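Visitor: Below you will find the structure I want to go over with you.
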Amino acid sequence: MIAIVKEQLTQAGNFSLFIGRFFKEIFVPPFQINEFLRQCYTIGCKSLPLVSITGFIMGLVLTIQSRPTMTKFGAESWLPSMVSLSLIREIAPVVTALICAGKIASGIGAELGSMKVSSQIDAMEVSAVNPYKYLVVTRILATTLMVPLLVIFADLVGIFGGYIGYNIHNTITMSRYFSEVIEHLDYLDLMPATIKTFFFGFFIGVIGCYKGFNASSGTASVGLAANSAVVTASLSIFIVDMLAVQITDLFF
Amino acid sequence: MKDEPIIKIKNLYKAFGKNKVLKGISFEVNKGEDLVILGRSGSGKSVAIKCLVGLLDPDKGKMEILGTDMTKLTYKELNEIRLKIGFMFQDGALYDSMSVRENLTFTLKHHTRHLTEEDIQQQIMEALDSVGLKEAIDKMPSELSGGMVKRISLARTIIIKPEIIFYDEPTAGLDTITAQEISELILSVQKKYKATSIIITHDMICAKMTGNRIIIIKDGLIHAQGTYEELENSTDQWVRSFFFANN
């Protein structure tokens, strides 16, 4: 029992040092701009199809599932604003972040893990290239920037999915639907929801990198790093979300 | 000038938990010398050179490369020394997300800043020509055979024209003929670039071809040293076992 607690505390300490090193290295040149842009493309653009499909389905299903209840209370006209608010404030950020945790954190964990196991990180080190700066800083920055953009994209596609869902049983023009959505949206609906996605992105990147960068030797550890990255990143998203909701509730 | 030691290791200790791998080894390598370190698996050969380049921190002991105490360097100072060192890894360690050209470009660009694109391409072709693999320039590491990976890894090592080269098991995992080809290649590279080198191996053909001097590590300590011929004629049964087992 003591050994487990000691191991967990050591892990927590190492993780804190890993995050601390990120904030130290991020301001020190040379800046790996090309690698950062490459990671933005890999993490952002290559995740667009997945995020589009899930975003669309979220909006569509939420509209179809909510319609009977809203109709029962005579509030069917509130459906566009209800769906868009639910998507923007909670569902799209959390679901998109979970999808990114599955796709991106596992990808980073497996990639860095295999680089570690096959001595590629050591090869960088002896070539006088700082592997933390080249591999870790660029990936964490890319996820921190790309996940919020993916969430905004998922919001838009989700709202469009809601429009399609609404039109299955009713008829409404797209301009009318979107004006309904925008009319009921507030600055306070958008800002806290967007701010928390930066934290989602940061934790997805930092956990994926930490797990991969610290993979032990052997090919089995690559799988473990990827798996552990997904589980830990998903859990961290729920924890960050809970904290974000509490803080938003406290101040707004 | 030729006999000036540029690598010095004194009383080097390294343990992983309770497993004491190095128990106080000491040796020197002179400028232009090609030292072979022999030993059975797990004897601490690779650990010694990984300590030298800063991939592992020794528990105790002194290490000097080119007159610099390697145990007292900052990360920046360590990297300045690393720019003068080439390291060929046992499994090649090519960056598998990059093509051969990108692997070499990456290493060269980070080593020598402000090179023109023309210079980079010229040096890549020169390095690939040295290992006889010009045609593999646009291949991915996954498309290369074991022997080709070693050759490209050697090209990546020599492209920065290092003063010192460490070879970690350069012929491990290769068939006899390919292993001999790699040994011949190392020999030609040593003649061409005149770098000081340490070759970690348990391949006696490679040791004979590439080394001017051999040290044999046993249980974390230097057990014997000398030229190939001296060690081959040693009366020590353990030393002789290396030669007989490979003949």
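Residue numbering restarts at 1 for every chain of the structure tokens, chains are lettered A, B, ... in their displayed order, and ligands are numbered from 1 as they appear.
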Restrict the distance test to only C-alpha atoms, flag each residue of chain B within 10 Å of chain A, and return the flagged residues as number ranges by chain.

Guide: B: 50, 53-55, 75-76, 78-97, 106-108, 110-111, 156-157, 160

Visitor: Tell me, as an MDAnalysis selection string, which residues lie within 7 Å of Val157 of chain A, counting only C-alpha atoms; anything in the same chain fewer than 2 positions away does not count.

Guide: chainID A and resid 52 55:56 153:155 159:161

Visitor: Segment 31-38 of chain B: which residues within 9 Å, counting only C-alpha atoms, same-chain residues fewer than 3 positions away excluded, as a ChimeraX atom specification?

Guide: /B:1-7,43,45,163-164,190,194-204,206-208,210-218,242

Visitor: If you keep C-alpha atoms, can you produce a file of those selected residues as an mmCIF file, in the first residue's frame?

Guide:
```
data_model
loop_
_atom_site.group_PDB
_atom_site.id
_atom_site.type_symbol
_atom_site.label_atom_id
_atom_site.label_comp_id
_atom_site.auth_asym_id
_atom_site.auth_seq_id
_atom_site.Cartn_x
_atom_site.Cartn_y
_atom_site.Cartn_z
ATOM 1 C CA MET B 1 49.616 14.869 -31.387
ATOM 2 C CA LYS B 2 48.495 11.383 -32.343
ATOM 3 C CA ASP B 3 49.015 10.003 -28.803
ATOM 4 C CA GLU B 4 47.101 12.760 -27.061
ATOM 5 C CA PRO B 5 44.158 11.238 -25.156
ATOM 6 C CA ILE B 6 40.914 12.966 -26.097
ATOM 7 C CA ILE B 7 38.620 10.635 -24.175
ATOM 8 C CA SER B 43 28.552 -6.331 -19.257
ATOM 9 C CA LYS B 45 29.684 -1.716 -22.787
ATOM 10 C CA GLU B 163 35.750 14.416 -34.324
ATOM 11 C CA ILE B 164 34.640 11.393 -32.308
ATOM 12 C CA GLN B 190 37.466 5.941 -40.406
ATOM 13 C CA LYS B 194 39.987 10.335 -39.526
ATOM 14 C CA ALA B 195 37.724 10.511 -36.485
ATOM 15 C CA THR B 196 38.575 8.951 -33.143
ATOM 16 C CA SER B 197 36.188 6.123 -32.461
ATOM 17 C CA ILE B 198 34.909 3.712 -29.856
ATOM 18 C CA ILE B 199 33.284 0.604 -31.263
ATOM 19 C CA ILE B 200 31.094 -1.453 -28.960
ATOM 20 C CA THR B 201 30.719 -4.970 -30.287
ATOM 21 C CA HIS B 202 30.872 -8.665 -29.597
ATOM 22 C CA ASP B 203 31.520 -9.419 -33.276
ATOM 23 C CA MET B 204 35.186 -10.494 -33.472
ATOM 24 C CA CYS B 206 34.261 -6.327 -36.721
ATOM 25 C CA ALA B 207 36.679 -5.948 -33.787
ATOM 26 C CA LYS B 208 39.600 -7.228 -35.858
ATOM 27 C CA THR B 210 37.954 -1.786 -37.187
ATOM 28 C CA GLY B 211 40.001 -1.549 -33.974
ATOM 29 C CA ASN B 212 43.634 -0.685 -33.253
ATOM 30 C CA ARG B 213 43.172 -1.635 -29.610
ATOM 31 C CA ILE B 214 40.651 -3.776 -27.759
ATOM 32 C CA ILE B 215 39.493 -3.692 -24.157
ATOM 33 C CA ILE B 216 37.402 -6.486 -22.732
ATOM 34 C CA ILE B 217 34.879 -5.736 -20.005
ATOM 35 C CA LYS B 218 33.836 -8.432 -17.563
ATOM 36 C CA PHE B 242 35.843 -14.736 -27.352
#
```

Visitor: Could you give me, as an NGL selection string, the residues within 7 Å of segment 148-151 of chain B, counting only C-alpha atoms and dropping anything in the same chain fewer than 4 positions from it?

Guide: :B and (92 or 131 or 141 or 144 or 155)

Visitor: Kindly export the residues of the current selection with C-alpha atoms, as an mmCIF file, in the first residue's frame.

Guide:
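Result saved to selection_9.cif:
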```cif
data_model
loop_
_atom_site.group_PDB
_atom_site.id
_atom_site.type_symbol
_atom_site.label_atom_id
_atom_site.label_comp_id
_atom_site.auth_asym_id
_atom_site.auth_seq_id
_atom_site.Cartn_x
_atom_site.Cartn_y
_atom_site.Cartn_z
ATOM 1 C CA GLY B 92 19.867 2.560 -36.325
ATOM 2 C CA VAL B 131 27.882 4.437 -47.513
ATOM 3 C CA PRO B 141 13.093 3.854 -42.983
ATOM 4 C CA LEU B 144 14.922 -0.297 -45.835
ATOM 5 C CA ALA B 155 25.612 8.301 -43.110
#
```

Visitor: Any chance you could list, as number ranges by chain, the residues in segment 138-173 of chain B that come up strand (DSSP E or B) when DSSP is run on the backbone?

Guide: B: 164-168

Visitor: Write to file, as an mmCIF file, in the first residue's frame, the residues of the selection just made, with C-alpha atoms.

Guide:
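Contents of the output file again30.cif:
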```
data_model
loop_
_atom_site.group_PDB
_atom_site.id
_atom_site.type_symbol
_atom_site.label_atom_id
_atom_site.label_comp_id
_atom_site.auth_asym_id
_atom_site.auth_seq_id
_atom_site.Cartn_x
_atom_site.Cartn_y
_atom_site.Cartn_z
ATOM 1 C CA ILE B 164 34.640 11.393 -32.308
ATOM 2 C CA ILE B 165 32.332 8.556 -33.365
ATOM 3 C CA PHE B 166 30.712 6.035 -31.047
ATOM 4 C CA TYR B 167 29.416 2.853 -32.675
ATOM 5 C CA ASP B 168 27.006 0.861 -30.514
#
```

Visitor: Give me, as a VMD selection string, the residues of segment 26-252 of chain A that a backbone DSSP run labels alpha helix (DSSP H).

Guide: chain A and resid 33 to 43 48 to 72 79 to 86 92 to 100 106 to 117 120 to 126 131 138 to 169 174 to 183 187 to 213 220 to 251

Visitor: What lies within 9 Å of Gly212 of chain A using only C-alpha atoms, ignoring chain neighbours under 3 positions off, as a list in words?

Guide: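 The filter keeps Ser106, Ile108, Gly109, Ala110, Glu111, Leu112, Gly113, Ser114, Met115, Lys116, Ile207, Gly208, Cys209, Ala215, Ser216, Ser221, Val222, Ala225, Ala226 and Ala229 of chain A.
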
Visitor: Segment 8-24 of chain B: which residues within 8 Å, counting only C-alpha atoms, same-chain residues fewer than 2 positions away excluded, as a PDB file with C-alpha atoms, in the first residue's frame?

Guide:
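Contents of part_2.pdb, freshly written:
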```pdb
ATOM      1  CA  PRO B   5      44.158  11.238 -25.156  1.00  0.00           C
ATOM      2  CA  ILE B   6      40.914  12.966 -26.097  1.00  0.00           C
ATOM      3  CA  SER B  26      39.061   3.472 -16.403  1.00  0.00           C
ATOM      4  CA  PHE B  27      40.489   3.879 -19.884  1.00  0.00           C
ATOM      5  CA  GLU B  28      41.746   6.498 -22.311  1.00  0.00           C
ATOM      6  CA  VAL B  29      41.392   6.854 -26.066  1.00  0.00           C
ATOM      7  CA  GLY B  42      24.894  -6.913 -20.083  1.00  0.00           C
ATOM      8  CA  SER B  43      28.552  -6.331 -19.257  1.00  0.00           C
ATOM      9  CA  GLY B  44      28.102  -2.540 -19.414  1.00  0.00           C
ATOM     10  CA  VAL B  47      26.240   1.954 -20.633  1.00  0.00           C
ATOM     11  CA  ALA B  48      29.810   3.282 -20.672  1.00  0.00           C
ATOM     12  CA  ASP B  57      24.302  10.006 -15.562  1.00  0.00           C
ATOM     13  CA  PRO B  58      27.117   8.046 -13.944  1.00  0.00           C
ATOM     14  CA  ASP B  59      26.913   7.452 -10.205  1.00  0.00           C
ATOM     15  CA  LYS B  60      30.582   8.200  -9.660  1.00  0.00           C
ATOM     16  CA  GLY B  61      33.738   8.781 -11.654  1.00  0.00           C
ATOM     17  CA  LYS B  62      35.353  11.234 -14.009  1.00  0.00           C
ATOM     18  CA  MET B  63      34.842  11.531 -17.765  1.00  0.00           C
ATOM     19  CA  GLU B  64      36.620  13.896 -20.109  1.00  0.00           C
ATOM     20  CA  ILE B  65      36.049  14.462 -23.797  1.00  0.00           C
ATOM     21  CA  ASP B 219      31.409  -7.835 -14.690  1.00  0.00           C
ATOM     22  CA  GLY B 220      31.666  -4.073 -14.971  1.00  0.00           C
ATOM     23  CA  LEU B 221      35.455  -3.970 -14.895  1.00  0.00           C
TER      24      LEU B 221
END
```

Visitor: Compile the contact shell of Val206 of chain A as a PyMOL selection string: residues with an atom at most 8 Å away, counting only C-alpha atoms, same-chain residues fewer than 2 positions apart removed.

Guide: chain A and resi 19+136+140+202-204+208-210

Visitor: Pick out the closest residue to Ile186 of chain B from this set: B:Ile137, B:Leu154, B:Ile205, B:Met125. Count only C-alpha atoms.

Guide: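 The shortest atom-to-atom distance to Ile186 of chain B comes from B:Leu154.
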
Visitor: Between atom CA of Lys211 of chain A and atom CA of Thr105 of chain B, what distance in Å does the model show, to one decimal?

Guide: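 Atom CA of Thr105 of chain B lies 28.3 Å from atom CA of Lys211 of chain A.
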
Visitor: Quick one, how far is atom CA of Ile120 of chain B from atom CA of Lys134 of chain B?

Guide: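 Here the two named atoms are 14.4 Å from each other.
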